[in-house]
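Structure file model_21.pdb (PDB, C-alpha atoms) follows.
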ATOM      1  CA  GLY A   1      -2.706  12.379   1.491
ATOM      2  CA  TYR A   2      -0.679  12.037   4.672
ATOM      3  CA  GLY A   3       1.150   9.082   3.168
ATOM      4  CA  GLU A   4       2.633  11.326   0.461
ATOM      5  CA  LEU A   5       2.298   8.778  -2.293
ATOM      6  CA  HIS A   6       3.980  10.716  -5.059
ATOM      7  CA  GLY A   7       3.124   8.087  -7.657
ATOM      8  CA  MET A   8      -0.637   7.594  -7.372
ATOM      9  CA  GLU A   9      -1.302  10.937  -5.681
ATOM     10  CA  GLY A  10       1.179  13.029  -7.681
ATOM     11  CA  PRO A  11      -1.475  14.843  -9.749
ATOM     12  CA  GLY A  12      -3.249  15.897  -6.553
ATOM     13  CA  TYR A  13      -0.179  17.708  -5.253
ATOM     14  CA  TYR A  14       0.517  19.281  -8.637
ATOM     15  CA  VAL A  15      -3.022  20.471  -9.348
ATOM     16  CA  PHE A  16      -3.623  21.672  -5.785
ATOM     17  CA  ASN A  17      -0.517  23.837  -5.763
ATOM     18  CA  ARG A  18      -1.090  25.211  -9.253
ATOM     19  CA  VAL A  19      -4.659  26.194  -8.357
ATOM     20  CA  LEU A  20      -3.352  27.927  -5.234
ATOM     21  CA  MET A  21      -1.205  30.065  -7.505
ATOM     22  CA  ASP A  22      -3.979  30.584 -10.046
ATOM     23  CA  PRO A  23      -7.535  29.898  -8.767
ATOM     24  CA  LYS A  24      -8.874  30.229 -12.316
ATOM     25  CA  ALA A  25      -6.710  27.420 -13.655
ATOM     26  CA  ASP A  26      -8.542  24.468 -15.245
ATOM     27  CA  PRO A  27      -7.868  21.279 -13.193
ATOM     28  CA  ASP A  28      -8.448  19.029 -16.225
ATOM     29  CA  LYS A  29      -5.857  20.906 -18.250
ATOM     30  CA  LEU A  30      -3.478  20.819 -15.318
ATOM     31  CA  LEU A  31      -3.858  17.045 -15.104
ATOM     32  CA  THR A  32      -2.991  16.743 -18.789
ATOM     33  CA  GLU A  33      -0.023  19.052 -18.251
ATOM     34  CA  TYR A  34       1.155  16.983 -15.288
ATOM     35  CA  CYS A  35       1.002  13.728 -17.252
ATOM     36  CA  GLU A  36       2.823  15.211 -20.242
ATOM     37  CA  ARG A  37       5.610  16.630 -18.080
ATOM     38  CA  THR A  38       5.907  13.584 -15.849
ATOM     39  CA  PHE A  39       5.427  10.640 -18.202
ATOM     40  CA  GLY A  40       6.296  12.010 -21.647
ATOM     41  CA  PRO A  41       5.258   9.491 -24.333
ATOM     42  CA  ALA A  42       3.091   7.637 -21.778
ATOM     43  CA  ALA A  43       1.018  10.737 -20.973
ATOM     44  CA  LYS A  44      -2.166   9.482 -22.661
ATOM     45  CA  PRO A  45      -2.563   6.133 -20.839
ATOM     46  CA  MET A  46      -1.479   7.745 -17.563
ATOM     47  CA  ARG A  47      -4.058  10.482 -17.922
ATOM     48  CA  ALA A  48      -6.664   7.764 -18.426
ATOM     49  CA  PHE A  49      -5.235   5.931 -15.388
ATOM     50  CA  TYR A  50      -5.619   8.966 -13.128
ATOM     51  CA  ALA A  51      -9.097   9.718 -14.492
ATOM     52  CA  ALA A  52     -10.140   6.138 -13.702
ATOM     53  CA  LEU A  53      -8.551   6.403 -10.264
ATOM     54  CA  ASP A  54     -10.467   9.624  -9.639
ATOM     55  CA  ASP A  55     -13.700   7.808 -10.490
ATOM     56  CA  ARG A  56     -12.909   5.257  -7.767
ATOM     57  CA  ILE A  57     -12.121   8.021  -5.270
ATOM     58  CA  LYS A  58     -15.546   9.502  -5.997
ATOM     59  CA  VAL A  59     -17.075   6.147  -5.006
ATOM     60  CA  TYR A  60     -15.155   6.344  -1.739
ATOM     61  CA  GLU A  61     -16.265   9.938  -1.173
ATOM     62  CA  SER A  62     -19.920   9.074  -1.768
ATOM     63  CA  ILE A  63     -19.862   6.291   0.847
ATOM     64  CA  TYR A  64     -17.630   8.146   3.296
ATOM     65  CA  GLY A  65     -19.646  11.356   2.963
ATOM     66  CA  ALA A  66     -22.959   9.566   3.453
ATOM     67  CA  TYR A  67     -21.590   7.973   6.622
ATOM     68  CA  LEU A  68     -20.450  11.314   8.026
ATOM     69  CA  ARG A  69     -23.804  12.935   7.263
ATOM     70  CA  LYS A  70     -25.710  10.052   8.827
ATOM     71  CA  THR A  71     -23.634   9.875  12.016
ATOM     72  CA  LYS A  72     -22.855  13.605  12.205
ATOM     73  CA  VAL A  73     -19.253  12.743  13.039
ATOM     74  CA  ILE A  74     -17.005  15.765  13.471
ATOM     75  CA  GLU A  75     -13.972  15.430  11.212
ATOM     76  CA  GLY A  76     -11.551  15.892  14.101
ATOM     77  CA  ASP A  77     -13.192  13.053  16.019
ATOM     78  CA  PHE A  78     -13.327  10.670  13.079
ATOM     79  CA  SER A  79     -11.228   7.536  12.770
ATOM     80  CA  TYR A  80     -11.410   5.007   9.945
ATOM     81  CA  GLU A  81     -11.844   2.227  12.479
ATOM     82  CA  SER A  82     -15.184   3.778  13.449
ATOM     83  CA  LEU A  83     -16.598   2.933  10.023
ATOM     84  CA  PRO A  84     -18.836  -0.143  10.173
ATOM     85  CA  ASP A  85     -17.111  -1.959   7.279
ATOM     86  CA  VAL A  86     -13.817  -0.401   6.238
ATOM     87  CA  LEU A  87     -12.614  -3.504   4.426
ATOM     88  CA  GLY A  88     -15.880  -3.628   2.519
ATOM     89  CA  LEU A  89     -15.391   0.011   1.555
ATOM     90  CA  ILE A  90     -11.900  -0.728   0.250
ATOM     91  CA  GLY A  91     -13.253  -3.698  -1.675
ATOM     92  CA  THR A  92     -15.897  -1.490  -3.272
ATOM     93  CA  VAL A  93     -13.398   1.177  -4.297
ATOM     94  CA  TYR A  94     -10.848  -1.313  -5.637
ATOM     95  CA  ASP A  95     -13.192  -3.971  -6.968
ATOM     96  CA  ALA A  96     -12.080  -6.513  -9.569
ATOM     97  CA  ALA A  97     -13.174  -4.395 -12.540
ATOM     98  CA  ALA A  98     -11.388  -1.322 -11.205
ATOM     99  CA  ARG A  99      -8.224  -3.278 -10.475
ATOM    100  CA  ALA A 100      -8.225  -4.707 -13.981
ATOM    101  CA  ARG A 101      -8.824  -1.352 -15.670
ATOM    102  CA  LEU A 102      -6.264   0.544 -13.622
ATOM    103  CA  GLY A 103      -3.717  -2.231 -14.001
ATOM    104  CA  GLY A 104      -4.239  -2.430 -17.746
ATOM    105  CA  LEU A 105      -3.778   1.300 -18.236
ATOM    106  CA  LEU A 106      -0.666   1.337 -16.074
ATOM    107  CA  GLU A 107       0.956  -1.597 -17.883
ATOM    108  CA  SER A 108       0.101   0.041 -21.208
ATOM    109  CA  ALA A 109       1.922   3.164 -20.046
ATOM    110  CA  ILE A 110       4.943   1.171 -18.875
ATOM    111  CA  ALA A 111       5.132  -0.561 -22.270
ATOM    112  CA  THR A 112       5.125   2.749 -24.177
ATOM    113  CA  PRO A 113       8.121   3.027 -26.546
ATOM    114  CA  GLY A 114      10.564   5.894 -26.181
ATOM    115  CA  LEU A 115      10.403   6.396 -22.414
ATOM    116  CA  GLY A 116      13.373   8.086 -20.789
ATOM    117  CA  PRO A 117      15.049   6.921 -17.556
ATOM    118  CA  LYS A 118      13.180   9.433 -15.368
ATOM    119  CA  GLU A 119       9.828   8.578 -16.926
ATOM    120  CA  LYS A 120      10.480   4.864 -16.358
ATOM    121  CA  ARG A 121      11.345   5.469 -12.695
ATOM    122  CA  ARG A 122       8.177   7.489 -12.160
ATOM    123  CA  LEU A 123       6.060   4.767 -13.732
ATOM    124  CA  GLN A 124       7.707   2.108 -11.569
ATOM    125  CA  LEU A 125       6.869   4.197  -8.503
ATOM    126  CA  VAL A 126       3.209   4.284  -9.557
ATOM    127  CA  ARG A 127       3.293   0.529 -10.142
ATOM    128  CA  LEU A 128       4.752  -0.101  -6.705
ATOM    129  CA  GLU A 129       2.064   1.973  -4.983
ATOM    130  CA  PHE A 130      -0.668   0.446  -7.137
ATOM    131  CA  THR A 131       0.523  -3.059  -6.210
ATOM    132  CA  TYR A 132      -0.197  -2.148  -2.593
ATOM    133  CA  ALA A 133      -3.707  -0.855  -3.399
ATOM    134  CA  LYS A 134      -4.502  -3.725  -5.768
ATOM    135  CA  ASN A 135      -3.496  -6.317  -3.186
ATOM    136  CA  LEU A 136      -5.635  -4.690  -0.518
ATOM    137  CA  GLY A 137      -8.618  -4.713  -2.857
ATOM    138  CA  THR A 138      -7.954  -8.387  -3.567
ATOM    139  CA  ILE A 139      -7.798  -9.131   0.171
ATOM    140  CA  ALA A 140     -11.159  -7.399   0.649
ATOM    141  CA  GLU A 141     -12.741  -9.450  -2.145
ATOM    142  CA  LEU A 142     -11.335 -12.773  -0.916
ATOM    143  CA  HIS A 143     -12.224 -11.978   2.692
ATOM    144  CA  LYS A 144     -15.835 -11.451   1.662
ATOM    145  CA  LYS A 145     -15.845 -14.764  -0.211
ATOM    146  CA  TYR A 146     -14.319 -16.542   2.766
ATOM    147  CA  LEU A 147     -16.907 -15.190   5.202
ATOM    148  CA  ALA A 148     -19.701 -16.208   2.833
ATOM    149  CA  ALA A 149     -18.400 -19.770   2.543
ATOM    150  CA  PRO A 150     -15.687 -20.625   5.113
ATOM    151  CA  GLY A 151     -13.518 -23.532   4.051
ATOM    152  CA  GLN A 152     -10.236 -24.481   2.473
ATOM    153  CA  ALA A 153     -11.318 -23.509  -1.043
ATOM    154  CA  THR A 154     -11.882 -19.889   0.008
ATOM    155  CA  ALA A 155      -9.307 -19.760   2.812
ATOM    156  CA  LEU A 156      -6.240 -20.608   0.750
ATOM    157  CA  PRO A 157      -6.598 -17.826  -1.865
ATOM    158  CA  PHE A 158      -7.282 -15.426   0.997
ATOM    159  CA  ALA A 159      -4.151 -16.663   2.811
ATOM    160  CA  ASP A 160      -2.127 -16.244  -0.376
ATOM    161  CA  ALA A 161      -3.193 -12.605  -0.650
ATOM    162  CA  LEU A 162      -2.255 -11.966   2.980
ATOM    163  CA  ALA A 163       1.086 -13.714   2.511
ATOM    164  CA  PHE A 164       1.785 -11.574  -0.545
ATOM    165  CA  ARG A 165       0.956  -8.468   1.472
ATOM    166  CA  ASN A 166       3.232  -9.382   4.358
ATOM    167  CA  THR A 167       6.160 -10.202   2.075
ATOM    168  CA  PHE A 168       5.542  -7.044   0.066
ATOM    169  CA  LEU A 169       5.644  -4.885   3.203
ATOM    170  CA  ASP A 170       8.695  -6.697   4.580
ATOM    171  CA  ARG A 171      10.586  -5.918   1.399
ATOM    172  CA  LEU A 172       9.706  -2.238   1.622
ATOM    173  CA  TYR A 173      11.526  -1.978   4.959
ATOM    174  CA  ASP A 174      15.084  -2.802   6.027
ATOM    175  CA  GLY A 175      14.289  -4.659   9.260
ATOM    176  CA  LYS A 176      14.976  -1.573  11.377
ATOM    177  CA  ASP A 177      11.674   0.183  10.697
ATOM    178  CA  ARG A 178      13.289   2.226   7.937
ATOM    179  CA  PRO A 179      11.806   2.294   4.424
ATOM    180  CA  ARG A 180      14.086   1.145   1.648
ATOM    181  CA  ARG A 181      14.987   3.516  -1.178
ATOM    182  CA  LEU A 182      14.456   3.031  -4.878
ATOM    183  CA  PRO A 183      17.826   1.960  -6.307
ATOM    184  CA  ASP A 184      17.850   4.626  -9.037
ATOM    185  CA  TRP A 185      15.927   7.225  -7.054
ATOM    186  CA  PRO A 186      17.352   7.400  -3.514
ATOM    187  CA  GLU A 187      15.626  10.717  -2.793
ATOM    188  CA  MET A 188      12.220   9.049  -3.028
ATOM    189  CA  GLN A 189      11.103   7.556   0.260
ATOM    190  CA  LEU A 190       8.427   4.889   0.039
ATOM    191  CA  PHE A 191       5.402   5.287   2.295
ATOM    192  CA  ARG A 192       7.209   7.999   4.239
ATOM    193  CA  ASP A 193       7.957   7.379   7.920
ATOM    194  CA  TYR A 194       5.455   4.691   8.813
ATOM    195  CA  ALA A 195       7.130   2.271  11.181
ATOM    196  CA  GLN A 196       7.125  -1.426  10.362
ATOM    197  CA  TRP A 197       3.439  -2.201  10.463
ATOM    198  CA  THR A 198       2.661  -4.604  13.248
ATOM    199  CA  GLY A 199       0.152  -7.400  13.611
ATOM    200  CA  ASN A 200      -1.006  -9.950  11.087
ATOM    201  CA  ASN A 201      -1.989  -7.262   8.630
ATOM    202  CA  ARG A 202       0.479  -4.417   9.229
ATOM    203  CA  LEU A 203      -1.789  -1.538   8.375
ATOM    204  CA  PRO A 204      -1.275   2.023   9.640
ATOM    205  CA  VAL A 205      -5.068   2.325   9.643
ATOM    206  CA  ASN A 206      -6.115  -1.256  10.159
ATOM    207  CA  PRO A 207      -9.350  -2.181   8.344
ATOM    208  CA  LEU A 208      -8.912  -5.788   9.383
ATOM    209  CA  LYS A 209      -8.842  -5.017  13.098
ATOM    210  CA  GLY A 210     -11.514  -6.890  15.024
ATOM    211  CA  GLN A 211     -12.128  -9.331  12.195
ATOM    212  CA  SER A 212      -9.110 -11.630  12.421
ATOM    213  CA  SER A 213     -10.629 -13.322  15.468
ATOM    214  CA  LYS A 214     -13.473 -14.450  13.229
ATOM    215  CA  TRP A 215     -11.196 -16.082  10.681
ATOM    216  CA  ASN A 216     -10.849 -19.834  10.784
ATOM    217  CA  TRP A 217      -7.058 -19.809  10.942
ATOM    218  CA  ALA A 218      -6.997 -23.576  11.498
ATOM    219  CA  THR A 219      -7.982 -24.032   7.854
ATOM    220  CA  ILE A 220      -5.548 -21.428   6.581
ATOM    221  CA  ARG A 221      -1.956 -22.375   5.871
ATOM    222  CA  THR A 222       0.414 -19.580   5.000
ATOM    223  CA  ARG A 223       1.568 -19.786   1.424
ATOM    224  CA  SER A 224       3.464 -17.081  -0.390
ATOM    225  CA  ARG A 225       3.439 -16.458  -4.111
ATOM    226  CA  SER A 226       5.216 -13.167  -3.628
ATOM    227  CA  ASP A 227       8.635 -14.215  -4.901
ATOM    228  CA  ASN A 228       7.863 -12.773  -8.318
ATOM    229  CA  ALA A 229      10.865 -10.542  -8.899
ATOM    230  CA  GLU A 230       8.817  -8.122 -11.011
ATOM    231  CA  ASP A 231       6.690  -7.154  -8.028
ATOM    232  CA  PHE A 232       9.711  -6.034  -6.010
ATOM    233  CA  ALA A 233      12.339  -5.169  -8.610
ATOM    234  CA  GLU A 234      11.909  -1.458  -7.884
ATOM    235  CA  VAL A 235      12.943  -1.811  -4.228
ATOM    236  CA  ALA A 236      16.645  -1.794  -3.369
TER
END
Is it possible to give me this structure as C-alpha coordinates?
Amino acid sequence: GYGELHGMEGPGYYVFNRVLMDPKADPDKLLTEYCERTFGPAAKPMRAFYAALDDRIKVYESIYGAYLRKTKVIEGDFSYESLPDVLGLIGTVYDAAARARLGGLLESAIATPGLGPKEKRRLQLVRLEFTYAKNLGTIAELHKKYLAAPGQATALPFADALAFRNTFLDRLYDGKDRPRRLPDWPEMQLFRDYAQWTGNNRLPVNPLKGQSSKWNWATIRTRSRSDNAEDFAEVA
(Lines of atoms letter the chains of each structure in order from A and count residues from 1; the text may use other names and numbers.)
(Lines give C-alpha, C1' and ligand atoms only; values in the text may rest on other atoms or scores of the structure.)
Protein backbone atom coordinates (compact mmCIF):
# COMPACT_ATOMS: atom_id res chain seq x y z
CA GLY A 1 0.00 0.00 0.00
CA TYR A 2 1.00 3.64 -0.30
CA GLY A 3 1.44 3.81 3.46
CA GLU A 4 4.28 1.27 3.27
CA LEU A 5 3.29 -0.55 6.42
CA HIS A 6 6.17 -2.99 6.59
CA GLY A 7 4.66 -4.83 9.54
CA MET A 8 1.14 -5.76 8.44
CA GLU A 9 1.84 -5.46 4.72
CA GLY A 10 5.34 -6.98 4.73
CA PRO A 11 4.30 -10.28 3.12
CA GLY A 12 2.68 -8.37 0.25
CA TYR A 13 5.95 -6.67 -0.67
CA TYR A 14 7.92 -9.89 -0.30
CA VAL A 15 5.57 -12.12 -2.29
CA PHE A 16 4.97 -9.51 -5.00
CA ASN A 17 8.66 -9.03 -5.66
CA ARG A 18 9.47 -12.74 -5.55
CA VAL A 19 6.70 -13.48 -8.06
CA LEU A 20 8.07 -10.75 -10.33
CA MET A 21 11.35 -12.64 -10.36
CA ASP A 22 9.68 -16.03 -10.75
CA PRO A 23 6.06 -15.94 -12.03
CA LYS A 24 5.72 -19.67 -11.31
CA ALA A 25 6.49 -19.28 -7.62
CA ASP A 26 3.80 -20.47 -5.18
CA PRO A 27 2.49 -17.48 -3.14
CA ASP A 28 1.48 -19.72 -0.22
CA LYS A 29 4.97 -21.16 0.03
CA LEU A 30 6.44 -17.69 -0.25
CA LEU A 31 4.28 -16.53 2.65
CA THR A 32 5.56 -19.41 4.76
CA GLU A 33 9.11 -18.57 3.72
CA TYR A 34 8.60 -14.91 4.63
CA CYS A 35 7.28 -15.76 8.10
CA GLU A 36 10.10 -18.21 8.79
CA ARG A 37 12.77 -15.72 7.73
CA THR A 38 11.17 -12.75 9.44
CA PHE A 39 9.79 -14.15 12.69
CA GLY A 40 11.82 -17.30 13.32
CA PRO A 41 10.23 -19.32 16.15
CA ALA A 42 7.01 -17.27 15.82
CA ALA A 43 6.55 -18.19 12.14
CA LYS A 44 3.53 -20.44 12.71
CA PRO A 45 1.26 -17.98 14.58
CA MET A 46 2.36 -15.16 12.27
CA ARG A 47 1.50 -17.19 9.20
CA ALA A 48 -1.94 -17.75 10.71
CA PHE A 49 -2.14 -14.01 11.48
CA TYR A 50 -1.44 -13.03 7.88
CA ALA A 51 -3.83 -15.68 6.54
CA ALA A 52 -6.57 -14.30 8.80
CA LEU A 53 -5.71 -10.76 7.72
CA ASP A 54 -5.94 -11.82 4.08
CA ASP A 55 -9.43 -13.18 4.75
CA ARG A 56 -10.46 -9.74 6.02
CA ILE A 57 -8.93 -8.05 2.97
CA LYS A 58 -11.04 -10.33 0.78
CA VAL A 59 -14.13 -9.01 2.59
CA TYR A 60 -12.98 -5.48 1.77
CA GLU A 61 -12.34 -6.42 -1.86
CA SER A 62 -15.78 -7.98 -2.25
CA ILE A 63 -17.54 -4.82 -1.01
CA TYR A 64 -15.18 -2.40 -2.75
CA GLY A 65 -15.33 -4.35 -6.02
CA ALA A 66 -19.12 -4.55 -5.96
CA TYR A 67 -19.28 -0.79 -5.46
CA LEU A 68 -16.97 -0.11 -8.40
CA ARG A 69 -18.95 -2.45 -10.66
CA LYS A 70 -22.25 -0.88 -9.63
CA THR A 71 -21.13 2.74 -10.05
CA LYS A 72 -18.72 2.09 -12.94
CA VAL A 73 -16.19 4.35 -11.24
CA ILE A 74 -12.89 4.64 -13.10
CA GLU A 75 -10.03 3.79 -10.76
CA GLY A 76 -8.26 7.08 -11.46
CA ASP A 77 -11.37 9.04 -10.51
CA PHE A 78 -12.08 7.07 -7.35
CA SER A 79 -11.71 8.45 -3.85
CA TYR A 80 -12.55 6.61 -0.63
CA GLU A 81 -14.71 9.53 0.45
CA SER A 82 -17.02 8.76 -2.47
CA LEU A 83 -18.01 5.47 -0.86
CA PRO A 84 -21.43 5.71 0.80
CA ASP A 85 -20.27 4.28 4.16
CA VAL A 86 -16.51 4.05 4.52
CA LEU A 87 -16.61 3.77 8.29
CA GLY A 88 -19.13 0.96 7.99
CA LEU A 89 -16.80 -0.79 5.56
CA ILE A 90 -13.91 -0.50 8.00
CA GLY A 91 -16.13 -1.82 10.77
CA THR A 92 -17.07 -4.82 8.64
CA VAL A 93 -13.46 -5.63 7.77
CA TYR A 94 -12.20 -5.20 11.34
CA ASP A 95 -15.24 -6.43 13.24
CA ALA A 96 -15.01 -7.61 16.85
CA ALA A 97 -14.40 -11.25 15.93
CA ALA A 98 -11.65 -10.34 13.48
CA ARG A 99 -9.99 -8.00 15.97
CA ALA A 100 -10.03 -10.70 18.62
CA ARG A 101 -8.64 -13.40 16.32
CA LEU A 102 -5.91 -11.23 14.83
CA GLY A 103 -4.97 -9.86 18.24
CA GLY A 104 -4.82 -13.32 19.78
CA LEU A 105 -2.56 -14.68 17.06
CA LEU A 106 -0.26 -11.68 17.27
CA GLU A 107 0.07 -11.86 21.06
CA SER A 108 0.72 -15.59 20.78
CA ALA A 109 3.56 -14.83 18.37
CA ILE A 110 5.00 -12.15 20.65
CA ALA A 111 4.96 -14.59 23.58
CA THR A 112 6.88 -17.26 21.63
CA PRO A 113 10.02 -18.39 23.49
CA GLY A 114 13.42 -18.05 21.86
CA LEU A 115 12.83 -14.90 19.81
CA GLY A 116 15.89 -12.91 18.82
CA PRO A 117 16.18 -9.10 19.05
CA LYS A 118 15.37 -8.55 15.36
CA GLU A 119 12.36 -10.86 15.49
CA LYS A 120 11.05 -9.04 18.57
CA ARG A 121 11.41 -5.66 16.86
CA ARG A 122 9.55 -6.88 13.79
CA LEU A 123 6.72 -8.23 15.92
CA GLN A 124 6.48 -4.95 17.83
CA LEU A 125 6.19 -3.13 14.51
CA VAL A 126 3.27 -5.38 13.52
CA ARG A 127 1.67 -4.77 16.92
CA LEU A 128 1.99 -1.02 16.54
CA GLU A 129 0.35 -1.04 13.11
CA PHE A 130 -2.33 -3.47 14.27
CA THR A 131 -3.14 -1.20 17.23
CA TYR A 132 -4.00 1.50 14.69
CA ALA A 133 -6.25 -0.83 12.66
CA LYS A 134 -7.86 -2.38 15.74
CA ASN A 135 -8.71 1.03 17.18
CA LEU A 136 -10.26 2.18 13.92
CA GLY A 137 -12.41 -0.95 13.82
CA THR A 138 -13.46 -0.27 17.41
CA ILE A 139 -14.36 3.33 16.52
CA ALA A 140 -16.52 2.06 13.64
CA GLU A 141 -18.34 -0.38 15.93
CA LEU A 142 -18.94 2.18 18.69
CA HIS A 143 -19.99 4.84 16.20
CA LYS A 144 -22.65 2.51 14.86
CA LYS A 145 -23.89 1.80 18.39
CA TYR A 146 -23.97 5.51 19.18
CA LEU A 147 -26.00 6.37 16.08
CA ALA A 148 -28.46 3.58 16.89
CA ALA A 149 -28.98 4.82 20.45
CA PRO A 150 -27.52 8.31 21.08
CA GLY A 151 -26.84 8.98 24.74
CA GLN A 152 -24.18 9.00 27.40
CA ALA A 153 -24.00 5.21 27.66
CA THR A 154 -22.96 4.89 24.01
CA ALA A 155 -21.20 8.25 23.68
CA LEU A 156 -18.58 7.74 26.38
CA PRO A 157 -17.09 4.48 25.03
CA PHE A 158 -17.06 6.08 21.59
CA ALA A 159 -15.29 9.16 23.01
CA ASP A 160 -12.76 6.91 24.75
CA ALA A 161 -11.90 5.23 21.45
CA LEU A 162 -11.46 8.60 19.74
CA ALA A 163 -9.33 9.87 22.62
CA PHE A 164 -7.15 6.77 22.39
CA ARG A 165 -6.75 7.37 18.66
CA ASN A 166 -5.76 11.00 19.05
CA THR A 167 -3.21 10.24 21.76
CA PHE A 168 -1.87 7.31 19.76
CA LEU A 169 -1.34 9.51 16.69
CA ASP A 170 0.17 12.33 18.74
CA ARG A 171 2.76 9.94 20.13
CA LEU A 172 3.71 8.75 16.65
CA TYR A 173 4.78 12.29 15.71
CA ASP A 174 7.26 14.73 17.26
CA GLY A 175 5.10 17.87 17.16
CA LYS A 176 6.77 19.09 13.96
CA ASP A 177 4.88 16.81 11.57
CA ARG A 178 7.75 14.32 11.63
CA PRO A 179 7.15 10.66 12.49
CA ARG A 180 9.08 9.33 15.45
CA ARG A 181 11.50 6.44 15.00
CA LEU A 182 11.49 3.10 16.76
CA PRO A 183 14.15 3.33 19.49
CA ASP A 184 15.94 0.13 18.43
CA TRP A 185 15.15 0.46 14.73
CA PRO A 186 15.81 4.06 13.63
CA GLU A 187 15.77 3.12 9.94
CA MET A 188 12.09 2.20 10.16
CA GLN A 189 9.82 5.17 9.61
CA LEU A 190 6.29 4.81 10.93
CA PHE A 191 3.46 5.64 8.54
CA ARG A 192 5.94 7.21 6.14
CA ASP A 193 5.62 10.93 5.39
CA TYR A 194 2.02 11.63 6.33
CA ALA A 195 1.88 15.03 7.96
CA GLN A 196 0.27 15.38 11.37
CA TRP A 197 -3.29 14.40 10.61
CA THR A 198 -5.62 17.31 11.15
CA GLY A 199 -9.17 17.57 12.39
CA ASN A 200 -10.91 15.66 15.14
CA ASN A 201 -10.03 12.34 13.57
CA ARG A 202 -6.66 12.91 11.87
CA LEU A 203 -7.09 10.51 9.00
CA PRO A 204 -5.19 10.78 5.71
CA VAL A 205 -8.31 9.36 4.06
CA ASN A 206 -11.01 10.50 6.43
CA PRO A 207 -13.90 8.02 6.76
CA LEU A 208 -15.42 10.15 9.48
CA LYS A 209 -15.68 13.25 7.31
CA GLY A 210 -19.22 14.57 7.07
CA GLN A 211 -20.39 12.56 10.06
CA SER A 212 -18.93 14.49 12.98
CA SER A 213 -21.60 17.16 12.55
CA LYS A 214 -24.17 14.50 13.38
CA TRP A 215 -22.52 13.51 16.64
CA ASN A 216 -24.03 14.82 19.83
CA TRP A 217 -20.78 16.29 21.15
CA ALA A 218 -22.62 17.90 24.06
CA THR A 219 -23.02 14.45 25.60
CA ILE A 220 -19.45 13.41 24.87
CA ARG A 221 -16.68 14.32 27.28
CA THR A 222 -13.15 13.56 26.20
CA ARG A 223 -11.60 10.85 28.30
CA SER A 224 -8.35 9.11 27.51
CA ARG A 225 -7.39 5.61 28.54
CA SER A 226 -4.39 5.70 26.26
CA ASP A 227 -1.71 6.08 28.93
CA ASN A 228 -1.06 2.35 28.88
CA ALA A 229 2.69 2.23 28.38
CA GLU A 230 2.47 -1.07 26.50
CA ASP A 231 0.55 0.55 23.66
CA PHE A 232 3.31 3.08 23.00
CA ALA A 233 6.46 1.44 24.34
CA GLU A 234 7.72 0.85 20.80
CA VAL A 235 7.77 4.56 19.94
CA ALA A 236 10.81 6.62 20.93
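Coordinates place atom CA of A:Ala51 at a distance of 22.9 Å from atom CA of A:Ala140.
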Nearest to A:Leu125, chosen from A:Lys44, A:Arg165, A:Arg181, A:Arg18, with all atoms listed in the file counted in the distances = A:Arg181
In Å, with one decimal, what is the gap from atom CA of A:Arg122 to atom CA of A:Met21?
-> 24.9 Å
Kindly resolve the PyMOL selection byres ((chain A and resi 185-187) around 10) on the present coordinates and return the residues as a PyMOL selection string.
-> chain A and resi 118+121-122+125+180-184+188-190+234-236
Can you turn the PyMOL selection byres ((chain A and resi 90) around 9) into a concrete residue list for this file, as an mmCIF file with C-alpha atoms, keeping the file's coordinate frame?
data_model
loop_
_atom_site.group_PDB
_atom_site.id
_atom_site.type_symbol
_atom_site.label_atom_id
_atom_site.label_comp_id
_atom_site.auth_asym_id
_atom_site.auth_seq_id
_atom_site.Cartn_x
_atom_site.Cartn_y
_atom_site.Cartn_z
ATOM 1 C CA TYR A 60 -15.155 6.344 -1.739
ATOM 2 C CA ASP A 85 -17.111 -1.959 7.279
ATOM 3 C CA VAL A 86 -13.817 -0.401 6.238
ATOM 4 C CA LEU A 87 -12.614 -3.504 4.426
ATOM 5 C CA GLY A 88 -15.880 -3.628 2.519
ATOM 6 C CA LEU A 89 -15.391 0.011 1.555
ATOM 7 C CA GLY A 91 -13.253 -3.698 -1.675
ATOM 8 C CA THR A 92 -15.897 -1.490 -3.272
ATOM 9 C CA VAL A 93 -13.398 1.177 -4.297
ATOM 10 C CA TYR A 94 -10.848 -1.313 -5.637
ATOM 11 C CA ASP A 95 -13.192 -3.971 -6.968
ATOM 12 C CA ALA A 133 -3.707 -0.855 -3.399
ATOM 13 C CA LEU A 136 -5.635 -4.690 -0.518
ATOM 14 C CA GLY A 137 -8.618 -4.713 -2.857
ATOM 15 C CA ALA A 140 -11.159 -7.399 0.649
ATOM 16 C CA PRO A 207 -9.350 -2.181 8.344
#
List the residues sitting within 7 Å of (-9.4, 1.5, -17.4) in the file's frame, using all atoms listed in the file, as number ranges by chain.
-> A: 48-49, 52, 101-102, 104-105
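Taking atom CA of A:Arg99 and atom CA of A:Tyr14 as endpoints, the distance between them is 24.3 Å.
Protein, DNA and RNA residues at most 12 Å from (-3.1, 20.3, -7.8), with only C-alpha atoms, are these: Glu9, Gly10, Pro11, Gly12, Tyr13, Tyr14, Val15, Phe16, Asn17, Arg18, Val19, Leu20, Met21, Asp22, Pro23, Ala25, Asp26, Pro27, Asp28, Lys29, Leu30, Leu31, Thr32, Glu33 and Tyr34 of chain A.
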Selection under test: the PyMOL selection byres ((chain A and resi 106-113) around 10); residues as a PyMOL selection string | chain A and resi 39-50+100-105+114-116+119-124+126-127+130
If you count only C-alpha atoms, the residue of A:Cys35, A:Leu169, A:Ile139, A:Leu5 closest to A:Ala155 turns out to be A:Ile139
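Closest approach to A:Phe168 among A:Glu129, A:Val59, A:Leu142, A:Ala148: A:Glu129, based on only C-alpha atoms.
Minimum atom-to-atom distances from A:Ala159, A:Ala98, A:Ala149, A:Leu172 to A:Asp54 were compared using all atoms listed in the file, and the lowest value belongs to A:Ala98.
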